[in-house]
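Working notes, structure below.
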Amino acid sequence: MHAVAKFRALHESGCFVLPNPWDVGTAIYLEYLGFKALATTSAGFAFSRGKPDGGASLDEMLRHIGEIAAATKLPVNADFLNGFADEPEAVATNTKLCISQGVAGLSIEDNTGNNAALYEKQRAADRIRAARRAIDASGIPVVLTGRCEAWLVGSANPLRVVLERLTSYAEAGADCLYAPGVREPNEIEQIVKAVAPKPVNVLVSGFNCEFTVSQLADLGVRRISVGSGLALAAWGAFLRAAQTIQKDGSFNLLAQNAASADLNERFRAKS
């Protein structure tokens with residue numbers, strides 16, 4: 001409960017970064033670096049298993065979330081995709097399972113996963129409402145984040161869809177609102193104002209990495225996550241080095257590696 005209370009407090013004022021580890025080692029190191037909370041990444045985890053984003057099963061995801069939560073004293077937010085269910089009651093059941101893994105928060109998105117389509121607006125809100133009921137019934141006040149995937153699925157007018165849906169999700173009981181894919185400052189400001197006083201999470205990754213923490217804080221953003229960004233950074237370094245070895249017979253990029261002595265020291269201290 002201490003982690004849950006700490007996580008809720010982080011959302012009350014200021015702006016914090018919520019980085020996304022994809023395994024136990026990266027979670028431990030992010031805690032060491034001084035971040036205040038962590039979030040899982042469905043894509044980062046799936047890629048580590050040789051699967052596409054969304055390809056991990058509910059059981060696999062629950063085990064992964066539990067491992068991350070157990071590896072750190074920091075609050076952990078679960079990227080719980082669409083709740084691994086379509087129907088609201090099934091979302092509620094799976095939300096209870098997620099809470100049992102020791103999370104301080106979880107997100108439910110409105111992407112059906114089928115042909116890049118969103119759930120119908122009322123049904124999407126009912127799914128958030130069901131997750132809210134499950135959280136309240138658990139007696140553990142984990143932070144519920146409602147996600148609108150309009151930008152990611154290529155909606156014709158994503159900002160309009162996001163504004164309509166995030167206000168609906170806020171009314172349905174979401175504590176925090178999130179629309180991954182937004183990149184324009186004026187659009188971020190509109191989202192913040194639309195759901196105020198509830199906090200807004202903004203995803204920063206390669207497509208909008210010009211943002212700084214201070215710039216987003218000035219726009220009223222309360223929470224910043226990087227999604228699969230750190231996992232993709234690791235994959236980028238791996239691919240560049242491996243391709244250079246294979247194509248050129250050169251090992252020069254290995255000079256940029258992390259120091260194994262540093263990692264040994266860090267993980268030895270944790271064990």
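Ordered as shown in the structure tokens, chains take letters A, B, and onward, while each chain numbers its residues from 1 and ligands are numbered from 1 in the order shown.
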Close residues, Asp59 (chain A) itself excluded, 10 Å, only C-alpha atoms, min 5 positions apart in chain, as a short mmCIF file (atom, residue, chain, number, x, y, z; two decimals) with N, CA, C and O atoms, in the first residue's frame:
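Just written: selection_9.cif:
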```cif
data_model
loop_
_atom_site.label_atom_id
_atom_site.label_comp_id
_atom_site.auth_asym_id
_atom_site.auth_seq_id
_atom_site.Cartn_x
_atom_site.Cartn_y
_atom_site.Cartn_z
N HIS A 64 5.02 -11.47 -15.97
CA HIS A 64 5.99 -10.39 -16.23
C HIS A 64 5.75 -9.20 -15.31
O HIS A 64 6.69 -8.69 -14.68
N ILE A 65 4.51 -8.77 -15.21
CA ILE A 65 4.18 -7.63 -14.35
C ILE A 65 4.56 -7.94 -12.90
O ILE A 65 5.14 -7.09 -12.20
N LEU A 97 -6.85 -9.60 -11.32
CA LEU A 97 -5.64 -10.41 -11.46
C LEU A 97 -4.40 -9.52 -11.55
O LEU A 97 -3.35 -9.85 -10.97
#
```
Considering only C-alpha atoms, give me a table of residues in region 6-102 of chain A that are at most 12 Å from region 147-166 of chain A, with the closest atom pair and distance in Å for each, as a tab-separated table.
```
residue	atom	partner	partner_atom	distance
A:Asp79	CA	A:Arg147	CA	10.2
A:Phe80	CA	A:Arg147	CA	10.4
A:Leu81	CA	A:Arg147	CA	9.1
A:Asn82	CA	A:Arg147	CA	9.2
A:Gly83	CA	A:Arg147	CA	11.4
```
### Message
With only C-alpha atoms as the counted atoms, please give the residues lying no more than 7 Å from Pro19 (chain A), apart from itself and same-chain residues fewer than 4 positions off, as a PyMOL selection string.
### Response
chain A and resi 38-39+225-226
Got time to write the residues from that selection, N, CA, C and O atoms, as a PDB file, in the first residue's frame?
```pdb
ATOM      1  N   LEU A  38       8.021   3.314 -11.996  1.00  0.00           N
ATOM      2  CA  LEU A  38       8.291   2.614 -13.249  1.00  0.00           C
ATOM      3  C   LEU A  38       6.983   2.152 -13.874  1.00  0.00           C
ATOM      4  O   LEU A  38       5.963   2.058 -13.190  1.00  0.00           O
ATOM      5  N   ALA A  39       7.034   1.844 -15.157  1.00  0.00           N
ATOM      6  CA  ALA A  39       5.876   1.267 -15.846  1.00  0.00           C
ATOM      7  C   ALA A  39       6.353   0.164 -16.772  1.00  0.00           C
ATOM      8  O   ALA A  39       7.424   0.276 -17.372  1.00  0.00           O
ATOM      9  N   SER A 225       5.787   9.131 -19.890  1.00  0.00           N
ATOM     10  CA  SER A 225       6.310   7.781 -20.054  1.00  0.00           C
ATOM     11  C   SER A 225       7.012   7.682 -21.402  1.00  0.00           C
ATOM     12  O   SER A 225       6.824   8.527 -22.277  1.00  0.00           O
ATOM     13  N   VAL A 226       7.821   6.635 -21.556  1.00  0.00           N
ATOM     14  CA  VAL A 226       8.556   6.471 -22.814  1.00  0.00           C
ATOM     15  C   VAL A 226       8.152   5.195 -23.550  1.00  0.00           C
ATOM     16  O   VAL A 226       8.729   4.865 -24.591  1.00  0.00           O
TER      17      VAL A 226
END
```
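Between CA of Asp136 (chain A) and CA of Val24 (chain A) the interatomic distance comes to 28.9 Å.
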Which of region 9-191 of chain A DSSP labels helix (DSSP H, G or I), written as a compact mmCIF listing (two decimals) with N, CA, C and O atoms, in the first residue's frame:
```
# COMPACT_ATOMS: atom_id res chain seq x y z
N ALA A 9 0.41 10.07 -4.92
CA ALA A 9 0.93 11.38 -4.55
C ALA A 9 1.72 12.01 -5.69
O ALA A 9 1.68 13.24 -5.87
N LEU A 10 2.42 11.20 -6.47
CA LEU A 10 3.19 11.73 -7.59
C LEU A 10 2.29 12.41 -8.62
O LEU A 10 2.74 13.30 -9.35
N VAL A 24 13.65 -7.58 -15.55
CA VAL A 24 14.04 -7.32 -14.16
C VAL A 24 15.30 -6.46 -14.10
O VAL A 24 15.40 -5.53 -13.30
N GLY A 25 16.30 -6.78 -14.93
CA GLY A 25 17.55 -6.02 -14.89
C GLY A 25 17.37 -4.55 -15.17
O GLY A 25 17.93 -3.70 -14.47
N THR A 26 16.57 -4.22 -16.20
CA THR A 26 16.37 -2.81 -16.51
C THR A 26 15.55 -2.12 -15.42
O THR A 26 15.75 -0.93 -15.15
N ALA A 27 14.65 -2.84 -14.78
CA ALA A 27 13.89 -2.26 -13.67
C ALA A 27 14.81 -1.90 -12.51
O ALA A 27 14.73 -0.81 -11.93
N ILE A 28 15.70 -2.82 -12.18
CA ILE A 28 16.64 -2.58 -11.08
C ILE A 28 17.52 -1.38 -11.39
O ILE A 28 17.77 -0.53 -10.52
N TYR A 29 17.99 -1.27 -12.62
CA TYR A 29 18.91 -0.18 -12.94
C TYR A 29 18.18 1.17 -12.97
O TYR A 29 18.74 2.19 -12.55
N LEU A 30 16.96 1.20 -13.44
CA LEU A 30 16.21 2.45 -13.44
C LEU A 30 15.94 2.92 -12.02
O LEU A 30 15.97 4.14 -11.74
N GLU A 31 15.70 2.00 -11.11
CA GLU A 31 15.54 2.39 -9.70
C GLU A 31 16.85 2.98 -9.18
O GLU A 31 16.84 4.01 -8.50
N TYR A 32 17.97 2.35 -9.50
CA TYR A 32 19.28 2.84 -9.09
C TYR A 32 19.53 4.26 -9.60
O TYR A 32 20.13 5.09 -8.90
N LEU A 33 19.06 4.57 -10.80
CA LEU A 33 19.29 5.90 -11.38
C LEU A 33 18.47 6.99 -10.70
O LEU A 33 18.71 8.17 -10.93
N SER A 42 4.30 -3.18 -22.83
CA SER A 42 3.82 -4.40 -23.50
C SER A 42 4.69 -4.73 -24.70
O SER A 42 5.04 -5.89 -24.94
N ALA A 43 5.06 -3.70 -25.48
CA ALA A 43 5.86 -3.93 -26.67
C ALA A 43 7.27 -4.39 -26.30
O ALA A 43 7.79 -5.36 -26.86
N GLY A 44 7.90 -3.71 -25.35
CA GLY A 44 9.24 -4.08 -24.94
C GLY A 44 9.31 -5.50 -24.44
O GLY A 44 10.24 -6.26 -24.77
N PHE A 45 8.33 -5.91 -23.64
CA PHE A 45 8.28 -7.28 -23.15
C PHE A 45 8.05 -8.26 -24.28
O PHE A 45 8.73 -9.28 -24.40
N ALA A 46 7.08 -7.96 -25.14
CA ALA A 46 6.77 -8.87 -26.25
C ALA A 46 7.98 -9.08 -27.15
O ALA A 46 8.30 -10.21 -27.54
N PHE A 47 8.69 -8.00 -27.48
CA PHE A 47 9.87 -8.12 -28.34
C PHE A 47 10.94 -9.01 -27.68
O PHE A 47 11.63 -9.78 -28.36
N SER A 48 11.06 -8.91 -26.35
CA SER A 48 12.06 -9.74 -25.65
C SER A 48 11.70 -11.21 -25.71
O SER A 48 12.56 -12.07 -25.49
N LEU A 58 -2.30 -13.43 -21.57
CA LEU A 58 -2.62 -12.85 -20.27
C LEU A 58 -1.72 -13.44 -19.19
O LEU A 58 -1.17 -12.71 -18.36
N ASP A 59 -1.56 -14.75 -19.17
CA ASP A 59 -0.73 -15.39 -18.14
C ASP A 59 0.72 -14.92 -18.23
O ASP A 59 1.36 -14.66 -17.21
N GLU A 60 1.24 -14.83 -19.45
CA GLU A 60 2.61 -14.34 -19.63
C GLU A 60 2.74 -12.92 -19.10
O GLU A 60 3.72 -12.58 -18.42
N MET A 61 1.77 -12.07 -19.43
CA MET A 61 1.84 -10.68 -19.02
C MET A 61 1.73 -10.53 -17.50
O MET A 61 2.45 -9.73 -16.89
N LEU A 62 0.85 -11.31 -16.89
CA LEU A 62 0.72 -11.24 -15.44
C LEU A 62 2.02 -11.66 -14.75
O LEU A 62 2.45 -11.02 -13.78
N ARG A 63 2.65 -12.72 -15.23
CA ARG A 63 3.92 -13.15 -14.64
C ARG A 63 4.97 -12.06 -14.80
O ARG A 63 5.73 -11.77 -13.86
N HIS A 64 5.02 -11.47 -15.97
CA HIS A 64 5.99 -10.39 -16.23
C HIS A 64 5.75 -9.20 -15.31
O HIS A 64 6.69 -8.69 -14.68
N ILE A 65 4.51 -8.77 -15.21
CA ILE A 65 4.18 -7.63 -14.35
C ILE A 65 4.56 -7.94 -12.90
O ILE A 65 5.14 -7.09 -12.20
N GLY A 66 4.27 -9.16 -12.45
CA GLY A 66 4.62 -9.55 -11.08
C GLY A 66 6.12 -9.55 -10.85
O GLY A 66 6.60 -9.14 -9.78
N GLU A 67 6.89 -9.99 -11.85
CA GLU A 67 8.35 -10.00 -11.72
C GLU A 67 8.90 -8.58 -11.60
O GLU A 67 9.79 -8.32 -10.77
N ILE A 68 8.39 -7.67 -12.40
CA ILE A 68 8.85 -6.28 -12.33
C ILE A 68 8.49 -5.66 -10.99
O ILE A 68 9.32 -5.01 -10.34
N ALA A 69 7.26 -5.87 -10.54
CA ALA A 69 6.82 -5.29 -9.27
C ALA A 69 7.64 -5.84 -8.10
O ALA A 69 7.94 -5.12 -7.15
N ALA A 70 8.01 -7.13 -8.17
CA ALA A 70 8.78 -7.74 -7.09
C ALA A 70 10.25 -7.33 -7.11
O ALA A 70 10.94 -7.46 -6.09
N ALA A 71 10.73 -6.84 -8.24
CA ALA A 71 12.15 -6.52 -8.39
C ALA A 71 12.52 -5.15 -7.85
O ALA A 71 13.71 -4.84 -7.72
N PRO A 88 -16.86 -5.76 -20.57
CA PRO A 88 -16.53 -5.06 -19.33
C PRO A 88 -16.33 -5.98 -18.12
O PRO A 88 -15.37 -5.79 -17.36
N GLU A 89 -17.19 -6.97 -17.95
CA GLU A 89 -17.04 -7.84 -16.78
C GLU A 89 -15.75 -8.65 -16.84
O GLU A 89 -15.13 -8.92 -15.80
N ALA A 90 -15.34 -9.05 -18.03
CA ALA A 90 -14.08 -9.77 -18.18
C ALA A 90 -12.90 -8.84 -17.91
O ALA A 90 -11.88 -9.26 -17.34
N VAL A 91 -13.03 -7.58 -18.32
CA VAL A 91 -12.00 -6.59 -17.99
C VAL A 91 -11.87 -6.45 -16.47
O VAL A 91 -10.77 -6.39 -15.93
N ALA A 92 -13.00 -6.43 -15.78
CA ALA A 92 -12.99 -6.33 -14.32
C ALA A 92 -12.27 -7.53 -13.70
O ALA A 92 -11.44 -7.39 -12.78
N THR A 93 -12.57 -8.72 -14.18
CA THR A 93 -11.93 -9.94 -13.67
C THR A 93 -10.43 -9.89 -13.86
O THR A 93 -9.65 -10.19 -12.94
N ASN A 94 -9.99 -9.48 -15.05
CA ASN A 94 -8.56 -9.42 -15.33
C ASN A 94 -7.87 -8.28 -14.58
O ASN A 94 -6.69 -8.39 -14.23
N THR A 95 -8.61 -7.21 -14.34
CA THR A 95 -8.06 -6.11 -13.53
C THR A 95 -7.72 -6.60 -12.13
O THR A 95 -6.67 -6.25 -11.57
N LYS A 96 -8.59 -7.42 -11.55
CA LYS A 96 -8.31 -7.99 -10.23
C LYS A 96 -7.04 -8.83 -10.26
O LYS A 96 -6.23 -8.78 -9.33
N LEU A 97 -6.85 -9.60 -11.32
CA LEU A 97 -5.64 -10.41 -11.46
C LEU A 97 -4.40 -9.52 -11.55
O LEU A 97 -3.35 -9.85 -10.97
N CYS A 98 -4.52 -8.43 -12.25
CA CYS A 98 -3.39 -7.51 -12.38
C CYS A 98 -3.05 -6.87 -11.04
O CYS A 98 -1.88 -6.79 -10.66
N ILE A 99 -4.06 -6.45 -10.30
CA ILE A 99 -3.83 -5.85 -8.98
C ILE A 99 -3.10 -6.82 -8.07
O ILE A 99 -2.23 -6.43 -7.28
N LYS A 121 -17.64 3.99 -28.45
CA LYS A 121 -17.36 4.93 -27.36
C LYS A 121 -18.01 4.53 -26.04
O LYS A 121 -17.35 4.53 -24.98
N GLN A 122 -19.28 4.17 -26.04
CA GLN A 122 -19.96 3.82 -24.80
C GLN A 122 -19.38 2.54 -24.21
O GLN A 122 -19.19 2.43 -22.99
N ARG A 123 -19.09 1.59 -25.07
CA ARG A 123 -18.52 0.34 -24.58
C ARG A 123 -17.14 0.58 -23.99
O ARG A 123 -16.78 -0.02 -22.97
N ALA A 124 -16.37 1.46 -24.63
CA ALA A 124 -15.04 1.78 -24.12
C ALA A 124 -15.13 2.38 -22.72
O ALA A 124 -14.35 2.05 -21.83
N ALA A 125 -16.10 3.28 -22.52
CA ALA A 125 -16.30 3.89 -21.21
C ALA A 125 -16.76 2.85 -20.19
O ALA A 125 -16.35 2.88 -19.02
N ASP A 126 -17.63 1.94 -20.62
CA ASP A 126 -18.10 0.89 -19.72
C ASP A 126 -16.94 -0.01 -19.27
O ASP A 126 -16.94 -0.50 -18.13
N ARG A 127 -15.97 -0.20 -20.14
CA ARG A 127 -14.80 -1.00 -19.79
C ARG A 127 -13.96 -0.31 -18.72
O ARG A 127 -13.47 -0.94 -17.78
N ILE A 128 -13.82 1.01 -18.84
CA ILE A 128 -13.11 1.77 -17.80
C ILE A 128 -13.90 1.72 -16.50
O ILE A 128 -13.33 1.53 -15.41
N ARG A 129 -15.20 1.85 -16.59
CA ARG A 129 -16.06 1.81 -15.41
C ARG A 129 -15.95 0.46 -14.70
O ARG A 129 -15.91 0.38 -13.46
N ALA A 130 -15.85 -0.61 -15.47
CA ALA A 130 -15.72 -1.95 -14.89
C ALA A 130 -14.37 -2.10 -14.17
O ALA A 130 -14.30 -2.68 -13.08
N ALA A 131 -13.32 -1.57 -14.77
CA ALA A 131 -12.01 -1.62 -14.13
C ALA A 131 -12.02 -0.82 -12.83
O ALA A 131 -11.44 -1.23 -11.82
N ARG A 132 -12.72 0.31 -12.85
CA ARG A 132 -12.83 1.14 -11.65
C ARG A 132 -13.54 0.38 -10.52
O ARG A 132 -13.11 0.41 -9.37
N ARG A 133 -14.62 -0.31 -10.87
CA ARG A 133 -15.35 -1.09 -9.86
C ARG A 133 -14.46 -2.18 -9.28
O ARG A 133 -14.48 -2.44 -8.06
N ALA A 134 -13.67 -2.82 -10.12
CA ALA A 134 -12.78 -3.88 -9.65
C ALA A 134 -11.73 -3.33 -8.70
O ALA A 134 -11.41 -3.95 -7.67
N ILE A 135 -11.19 -2.18 -9.02
CA ILE A 135 -10.20 -1.54 -8.15
C ILE A 135 -10.83 -1.18 -6.82
O ILE A 135 -10.27 -1.47 -5.74
N ASP A 136 -11.99 -0.56 -6.85
CA ASP A 136 -12.65 -0.16 -5.61
C ASP A 136 -12.98 -1.37 -4.75
O ASP A 136 -12.84 -1.33 -3.52
N ALA A 137 -13.42 -2.46 -5.39
CA ALA A 137 -13.78 -3.67 -4.65
C ALA A 137 -12.56 -4.32 -4.01
O ALA A 137 -12.67 -5.00 -2.99
N SER A 138 -11.38 -4.11 -4.60
CA SER A 138 -10.16 -4.72 -4.07
C SER A 138 -9.70 -4.07 -2.78
O SER A 138 -8.95 -4.67 -2.01
N ALA A 150 -6.49 6.78 -30.42
CA ALA A 150 -6.92 7.34 -31.70
C ALA A 150 -5.75 7.65 -32.63
O ALA A 150 -5.83 7.43 -33.84
N TRP A 151 -4.67 8.21 -32.09
CA TRP A 151 -3.52 8.52 -32.94
C TRP A 151 -2.87 7.24 -33.44
O TRP A 151 -2.46 7.16 -34.61
N LEU A 152 -2.78 6.25 -32.60
CA LEU A 152 -2.07 5.03 -32.97
C LEU A 152 -2.83 4.19 -34.00
O LEU A 152 -2.21 3.44 -34.76
N VAL A 153 -4.16 4.30 -34.02
CA VAL A 153 -4.92 3.51 -35.00
C VAL A 153 -5.24 4.31 -36.26
O VAL A 153 -5.88 3.80 -37.17
N PRO A 158 -8.04 12.53 -34.95
CA PRO A 158 -7.66 11.95 -33.66
C PRO A 158 -7.86 12.88 -32.47
O PRO A 158 -8.26 12.42 -31.40
N LEU A 159 -7.60 14.17 -32.63
CA LEU A 159 -7.75 15.07 -31.49
C LEU A 159 -9.21 15.12 -31.03
O LEU A 159 -9.49 15.07 -29.83
N ARG A 160 -10.13 15.22 -31.98
CA ARG A 160 -11.55 15.25 -31.60
C ARG A 160 -11.94 13.97 -30.87
O ARG A 160 -12.62 14.01 -29.84
N VAL A 161 -11.51 12.83 -31.40
CA VAL A 161 -11.82 11.55 -30.78
C VAL A 161 -11.23 11.47 -29.38
O VAL A 161 -11.89 11.05 -28.42
N VAL A 162 -9.99 11.91 -29.24
CA VAL A 162 -9.31 11.87 -27.95
C VAL A 162 -10.02 12.74 -26.92
O VAL A 162 -10.24 12.33 -25.78
N LEU A 163 -10.36 13.96 -27.30
CA LEU A 163 -11.01 14.87 -26.36
C LEU A 163 -12.36 14.30 -25.89
O LEU A 163 -12.68 14.35 -24.69
N GLU A 164 -13.12 13.75 -26.82
CA GLU A 164 -14.41 13.17 -26.46
C GLU A 164 -14.24 11.96 -25.54
O GLU A 164 -14.94 11.82 -24.53
N ARG A 165 -13.33 11.10 -25.90
CA ARG A 165 -13.18 9.85 -25.17
C ARG A 165 -12.49 10.04 -23.82
O ARG A 165 -12.91 9.43 -22.83
N LEU A 166 -11.45 10.83 -23.74
CA LEU A 166 -10.76 10.99 -22.47
C LEU A 166 -11.65 11.65 -21.43
O LEU A 166 -11.59 11.30 -20.23
N THR A 167 -12.48 12.60 -21.85
CA THR A 167 -13.41 13.18 -20.87
C THR A 167 -14.42 12.13 -20.41
O THR A 167 -14.80 12.08 -19.24
N SER A 168 -14.82 11.25 -21.33
CA SER A 168 -15.72 10.16 -20.98
C SER A 168 -15.06 9.18 -20.02
O SER A 168 -15.69 8.72 -19.05
N TYR A 169 -13.80 8.89 -20.25
CA TYR A 169 -13.09 7.95 -19.38
C TYR A 169 -12.86 8.56 -17.99
O TYR A 169 -12.89 7.85 -16.99
N ALA A 170 -12.63 9.86 -17.96
CA ALA A 170 -12.49 10.54 -16.67
C ALA A 170 -13.78 10.43 -15.87
O ALA A 170 -13.77 10.13 -14.67
N GLU A 171 -14.89 10.64 -16.54
CA GLU A 171 -16.19 10.52 -15.87
C GLU A 171 -16.47 9.09 -15.44
O GLU A 171 -17.17 8.86 -14.44
N PRO A 185 2.22 20.69 -29.26
CA PRO A 185 2.02 21.32 -27.96
C PRO A 185 0.59 21.84 -27.73
O PRO A 185 0.04 21.67 -26.64
N ASN A 186 -0.01 22.45 -28.77
CA ASN A 186 -1.37 22.98 -28.57
C ASN A 186 -2.38 21.87 -28.35
O ASN A 186 -3.37 22.03 -27.63
N GLU A 187 -2.14 20.70 -28.95
CA GLU A 187 -3.04 19.56 -28.74
C GLU A 187 -2.88 19.01 -27.32
O GLU A 187 -3.87 18.62 -26.68
N ILE A 188 -1.66 18.98 -26.84
CA ILE A 188 -1.42 18.54 -25.46
C ILE A 188 -2.13 19.47 -24.49
O ILE A 188 -2.79 19.02 -23.54
N GLU A 189 -2.02 20.77 -24.73
CA GLU A 189 -2.70 21.75 -23.86
C GLU A 189 -4.21 21.54 -23.86
O GLU A 189 -4.85 21.62 -22.81
N GLN A 190 -4.77 21.25 -25.01
CA GLN A 190 -6.21 21.03 -25.08
C GLN A 190 -6.63 19.79 -24.30
O GLN A 190 -7.66 19.79 -23.63
N ILE A 191 -5.83 18.74 -24.36
CA ILE A 191 -6.12 17.52 -23.61
C ILE A 191 -6.06 17.80 -22.12
O ILE A 191 -6.94 17.39 -21.35
```
### Query
Which residue gives the smallest distance to Ala104 (chain A) among A:Phe207, A:Trp235, A:Phe7, A:Phe251, with only C-alpha atoms counted?
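Looking at the shortest contact to Ala104 (chain A), the residue is A:Phe7.
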### Task
Determine, counting only C-alpha atoms, which protein, DNA and RNA residues have an atom within 12 Å of an atom of Leu219 (chain A); residues of the same chain fewer than 3 positions away are not included. Present the result as a ChimeraX atom specification.
/A:14-15,184-193,199-202,211-216,222-224
Selected residues written out, N, CA and C atoms, as a PDB file, in the first residue's frame:
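After the write, out-v4.pdb holds the following:
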```pdb
ATOM      1  N   GLY A  14       3.191  18.807  -9.866  1.00  0.00           N
ATOM      2  CA  GLY A  14       4.461  18.677 -10.557  1.00  0.00           C
ATOM      3  C   GLY A  14       4.378  17.788 -11.783  1.00  0.00           C
ATOM      4  N   CYS A  15       5.534  17.294 -12.201  1.00  0.00           N
ATOM      5  CA  CYS A  15       5.627  16.451 -13.401  1.00  0.00           C
ATOM      6  C   CYS A  15       6.746  15.443 -13.166  1.00  0.00           C
ATOM      7  N   GLU A 184       1.779  17.585 -30.887  1.00  0.00           N
ATOM      8  CA  GLU A 184       1.709  19.040 -31.000  1.00  0.00           C
ATOM      9  C   GLU A 184       1.435  19.677 -29.641  1.00  0.00           C
ATOM     10  N   PRO A 185       2.215  20.689 -29.257  1.00  0.00           N
ATOM     11  CA  PRO A 185       2.018  21.324 -27.959  1.00  0.00           C
ATOM     12  C   PRO A 185       0.593  21.836 -27.729  1.00  0.00           C
ATOM     13  N   ASN A 186      -0.009  22.447 -28.769  1.00  0.00           N
ATOM     14  CA  ASN A 186      -1.369  22.984 -28.571  1.00  0.00           C
ATOM     15  C   ASN A 186      -2.381  21.869 -28.355  1.00  0.00           C
ATOM     16  N   GLU A 187      -2.144  20.698 -28.951  1.00  0.00           N
ATOM     17  CA  GLU A 187      -3.039  19.559 -28.739  1.00  0.00           C
ATOM     18  C   GLU A 187      -2.884  19.006 -27.325  1.00  0.00           C
ATOM     19  N   ILE A 188      -1.660  18.975 -26.837  1.00  0.00           N
ATOM     20  CA  ILE A 188      -1.422  18.536 -25.461  1.00  0.00           C
ATOM     21  C   ILE A 188      -2.129  19.468 -24.485  1.00  0.00           C
ATOM     22  N   GLU A 189      -2.023  20.773 -24.729  1.00  0.00           N
ATOM     23  CA  GLU A 189      -2.700  21.747 -23.864  1.00  0.00           C
ATOM     24  C   GLU A 189      -4.208  21.539 -23.858  1.00  0.00           C
ATOM     25  N   GLN A 190      -4.765  21.254 -25.008  1.00  0.00           N
ATOM     26  CA  GLN A 190      -6.215  21.033 -25.084  1.00  0.00           C
ATOM     27  C   GLN A 190      -6.628  19.789 -24.300  1.00  0.00           C
ATOM     28  N   ILE A 191      -5.827  18.744 -24.364  1.00  0.00           N
ATOM     29  CA  ILE A 191      -6.124  17.523 -23.614  1.00  0.00           C
ATOM     30  C   ILE A 191      -6.059  17.798 -22.116  1.00  0.00           C
ATOM     31  N   VAL A 192      -5.010  18.487 -21.693  1.00  0.00           N
ATOM     32  CA  VAL A 192      -4.847  18.809 -20.272  1.00  0.00           C
ATOM     33  C   VAL A 192      -6.055  19.596 -19.752  1.00  0.00           C
ATOM     34  N   LYS A 193      -6.480  20.600 -20.523  1.00  0.00           N
ATOM     35  CA  LYS A 193      -7.604  21.432 -20.102  1.00  0.00           C
ATOM     36  C   LYS A 193      -8.918  20.653 -20.099  1.00  0.00           C
ATOM     37  N   PRO A 199      -4.898  14.298 -13.879  1.00  0.00           N
ATOM     38  CA  PRO A 199      -3.586  14.369 -14.532  1.00  0.00           C
ATOM     39  C   PRO A 199      -3.558  13.697 -15.892  1.00  0.00           C
ATOM     40  N   VAL A 200      -2.629  14.145 -16.712  1.00  0.00           N
ATOM     41  CA  VAL A 200      -2.449  13.613 -18.072  1.00  0.00           C
ATOM     42  C   VAL A 200      -1.047  13.037 -18.214  1.00  0.00           C
ATOM     43  N   ASN A 201      -0.986  11.855 -18.827  1.00  0.00           N
ATOM     44  CA  ASN A 201       0.286  11.226 -19.202  1.00  0.00           C
ATOM     45  C   ASN A 201       0.544  11.501 -20.683  1.00  0.00           C
ATOM     46  N   VAL A 202       1.778  11.845 -21.010  1.00  0.00           N
ATOM     47  CA  VAL A 202       2.182  11.991 -22.413  1.00  0.00           C
ATOM     48  C   VAL A 202       3.309  11.016 -22.698  1.00  0.00           C
ATOM     49  N   PHE A 211      10.809  17.032 -27.254  1.00  0.00           N
ATOM     50  CA  PHE A 211      10.264  17.565 -26.008  1.00  0.00           C
ATOM     51  C   PHE A 211      11.250  17.368 -24.860  1.00  0.00           C
ATOM     52  N   THR A 212      11.196  18.283 -23.889  1.00  0.00           N
ATOM     53  CA  THR A 212      11.929  18.120 -22.632  1.00  0.00           C
ATOM     54  C   THR A 212      10.914  18.013 -21.502  1.00  0.00           C
ATOM     55  N   VAL A 213      11.379  17.559 -20.362  1.00  0.00           N
ATOM     56  CA  VAL A 213      10.495  17.454 -19.200  1.00  0.00           C
ATOM     57  C   VAL A 213       9.920  18.823 -18.848  1.00  0.00           C
ATOM     58  N   SER A 214      10.771  19.845 -18.864  1.00  0.00           N
ATOM     59  CA  SER A 214      10.304  21.170 -18.474  1.00  0.00           C
ATOM     60  C   SER A 214       9.265  21.718 -19.446  1.00  0.00           C
ATOM     61  N   GLN A 215       9.438  21.449 -20.739  1.00  0.00           N
ATOM     62  CA  GLN A 215       8.457  21.908 -21.732  1.00  0.00           C
ATOM     63  C   GLN A 215       7.098  21.251 -21.507  1.00  0.00           C
ATOM     64  N   LEU A 216       7.098  19.960 -21.257  1.00  0.00           N
ATOM     65  CA  LEU A 216       5.840  19.256 -21.027  1.00  0.00           C
ATOM     66  C   LEU A 216       5.211  19.681 -19.709  1.00  0.00           C
ATOM     67  N   ARG A 222       1.415  16.026 -16.260  1.00  0.00           N
ATOM     68  CA  ARG A 222       1.772  15.574 -14.917  1.00  0.00           C
ATOM     69  C   ARG A 222       2.692  14.355 -14.951  1.00  0.00           C
ATOM     70  N   ARG A 223       2.587  13.543 -16.004  1.00  0.00           N
ATOM     71  CA  ARG A 223       3.342  12.282 -16.061  1.00  0.00           C
ATOM     72  C   ARG A 223       3.847  12.053 -17.478  1.00  0.00           C
ATOM     73  N   ILE A 224       5.112  11.612 -17.604  1.00  0.00           N
ATOM     74  CA  ILE A 224       5.732  11.356 -18.906  1.00  0.00           C
ATOM     75  C   ILE A 224       6.248   9.923 -18.925  1.00  0.00           C
TER      76      ILE A 224
END
```
### Message
Could you pull out the strand (DSSP E or B) residues of region 83-271 of chain A, going by DSSP on the backbone, and write them as a ChimeraX atom specification?
### Response
/A:105-109,111,118,143-147,176-178,200-203,223-225
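Between CA of Asp110 (chain A) and CA of Trp22 (chain A) the interatomic distance comes to 22.5 Å.
Among the candidates A:Gly55, A:Gly34, A:Gly50, A:Gly146, the one nearest to Leu74 (chain A) when counting only C-alpha atoms is A:Gly34.
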### CA of Ala194 (chain A) to CA of Ala37 (chain A), distance in Å rounded to a single decimal
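So the two atoms, CA of Ala194 (chain A) and CA of Ala37 (chain A), lie 25.6 Å apart.
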